[in-house]
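The structure under discussion appears below in the form of structure tokens.
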Amino acid sequence: MRIRVQRIGWTDIFNGVWLPIKFFIALLKQVVSGKRPVLKGSIEQVYVHAYSPEQLQRGSRFDFEVFVKAAVVNVSDCPATIRSFGLTVRDADGTHESEYLGGADKWLMESGSPIQDGFGQVIGSKYEQMSDLAADTAKAPLTLGVQREGWLRFKIVNANPRTVERGMFRLTAVDSFGTKHEVASRSQPPLGSGVSLKYLHE
């Protein structure tokens, strides 16, 4: 009885091991690509905060802050936090990129409820601390269907605030996977007029 012995080279061994690994990697990529978060939302309100009332009255171009009240929701079953937010405004003067400042929770917004004395006379205004959407979504992951709402603070450079108010606002977010999402876009969103802001530590 003759026994046939077949030599197996390193190439055969490598191919035998590598092919299943390649298949697993390809399969894993498909699974991972289908498990990315999908972020959507809305722009609820915008408040333009100039550094002085005179700047707004002149209607010229200058640097100013914009507070955006927004809502964001994850419509996928892949939980994620948000690394950063971005804001772009397109108006009659062109497209304005903004700088994210953060710290919205260090500001107070007039609530619209006056403070009255014992005789019913208005002696002041009530202020409420603004919630920081960026700080909230950076810590607690967004899960499927759960909506978060809060304020975001940006700085726009060398623009006319009156023109910006009538522009198209585009809000983006980068999630914890590094994916950029267009969360919301809205033309001429509701303005927070008739209210004032105070810095929390004033």
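Here, A, B, ... name the chains of the structure tokens in the order displayed, residue numbers run from 1 inside each chain, and ligands are numbered from 1 in the same displayed order.
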
Determine, counting only C-alpha atoms, which protein, DNA and RNA residues have an atom within 8 Å of an atom of Lys40 in chain A; residues of the same chain fewer than 5 positions away are not included. Present the result as a ChimeraX atom specification.
/A:72-75,181-184

For those residues, write N, CA, C and O atoms to a file as a CSV table (one decimal), in the first residue's frame.
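As a result, again19.csv now contains:
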```csv
chain,number,residue,atom,x,y,z
A,72,VAL,N,-32.4,68.0,18.6
A,72,VAL,CA,-31.7,67.0,17.8
A,72,VAL,C,-32.1,65.6,18.3
A,72,VAL,O,-32.4,65.4,19.5
A,73,VAL,N,-32.3,64.7,17.4
A,73,VAL,CA,-32.8,63.3,17.7
A,73,VAL,C,-32.0,62.3,16.8
A,73,VAL,O,-31.6,62.6,15.7
A,74,ASN,N,-31.7,61.2,17.4
A,74,ASN,CA,-31.1,60.1,16.7
A,74,ASN,C,-32.1,59.2,16.2
A,74,ASN,O,-32.9,58.6,16.9
A,75,VAL,N,-32.2,59.0,14.8
A,75,VAL,CA,-33.3,58.2,14.2
A,75,VAL,C,-32.8,56.8,13.9
A,75,VAL,O,-33.5,56.1,13.2
A,181,HIS,N,-23.2,65.4,10.2
A,181,HIS,CA,-24.6,65.3,9.8
A,181,HIS,C,-25.1,66.8,9.6
A,181,HIS,O,-24.8,67.7,10.4
A,182,GLU,N,-26.0,66.9,8.6
A,182,GLU,CA,-26.8,68.2,8.5
A,182,GLU,C,-28.0,68.0,9.4
A,182,GLU,O,-29.0,67.3,9.0
A,183,VAL,N,-28.0,68.6,10.5
A,183,VAL,CA,-29.1,68.4,11.5
A,183,VAL,C,-30.3,69.1,11.1
A,183,VAL,O,-31.4,68.6,11.1
A,184,ALA,N,-30.2,70.4,10.6
A,184,ALA,CA,-31.4,71.2,10.3
A,184,ALA,C,-30.9,72.4,9.4
A,184,ALA,O,-29.8,72.8,9.5
```

When you look at Val66 in chain A with a cut-off of 8 Å (counting only C-alpha atoms), what residues show up, excluding the ones that are within fewer than 4 positions of it in the same chain? I need them as a PyMOL selection string.
chain A and resi 46-49+153-156

Need to verify the contact set: Thr172 in chain A, 10 Å, only C-alpha atoms, exclusion of same-chain residues closer than 2 positions in sequence. Can you return it as a PyMOL selection string?
chain A and resi 39-41+84-88+170+174-175+180-185

Residues as selected, C-alpha atoms, written as a short mmCIF file (atom, residue, chain, number, x, y, z; two decimals), in the first residue's frame, can you do that?
```
data_model
loop_
_atom_site.label_atom_id
_atom_site.label_comp_id
_atom_site.auth_asym_id
_atom_site.auth_seq_id
_atom_site.Cartn_x
_atom_site.Cartn_y
_atom_site.Cartn_z
CA LEU A 39 -28.97 62.66 13.47
CA LYS A 40 -31.87 64.95 12.56
CA GLY A 41 -33.38 67.95 14.25
CA SER A 84 -19.10 69.35 17.91
CA PHE A 85 -21.69 71.60 16.29
CA GLY A 86 -21.30 73.99 13.38
CA LEU A 87 -23.40 76.83 12.01
CA THR A 88 -23.43 78.39 8.53
CA ARG A 170 -27.70 75.49 8.46
CA VAL A 174 -20.15 65.68 14.15
CA ASP A 175 -20.91 62.50 16.09
CA LYS A 180 -20.83 64.88 9.95
CA HIS A 181 -24.61 65.34 9.84
CA GLU A 182 -26.76 68.17 8.53
CA VAL A 183 -29.07 68.39 11.50
CA ALA A 184 -31.35 71.17 10.27
CA SER A 185 -31.65 74.06 7.85
#
```

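When CA of Phe62 in chain A is paired with CA of Asn160 in chain A, their separation reads 6.6 Å.
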
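In terms of minimum interatomic distance to Leu191 in chain A, A:Pro161 ranks closest within A:Pro79, A:Pro141, A:Gly94, A:Pro161, counting only C-alpha atoms.
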
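For Met109 in chain A, the residues within 6 Å (counting only C-alpha atoms, excluding itself and residues fewer than 2 positions away along the chain) are Tyr127, Glu128 and Leu197 of chain A.
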
Saved selection, atoms kept: C-alpha atoms, as a compact mmCIF listing (two decimals), in the first residue's frame:
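Once everything was written out, this is again_1.txt:
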```txt
# COMPACT_ATOMS: atom_id res chain seq x y z
CA TYR A 127 -34.39 85.30 34.00
CA GLU A 128 -33.87 81.61 33.35
CA LEU A 197 -29.51 88.18 27.96
```

Would you pick out the contacts of Lys139 in chain A at 10 Å or less, using only C-alpha atoms, so that residues sharing its chain but fewer than 4 positions from it are not included, and give the list as a PyMOL selection string?
chain A and resi 80-83+134-135
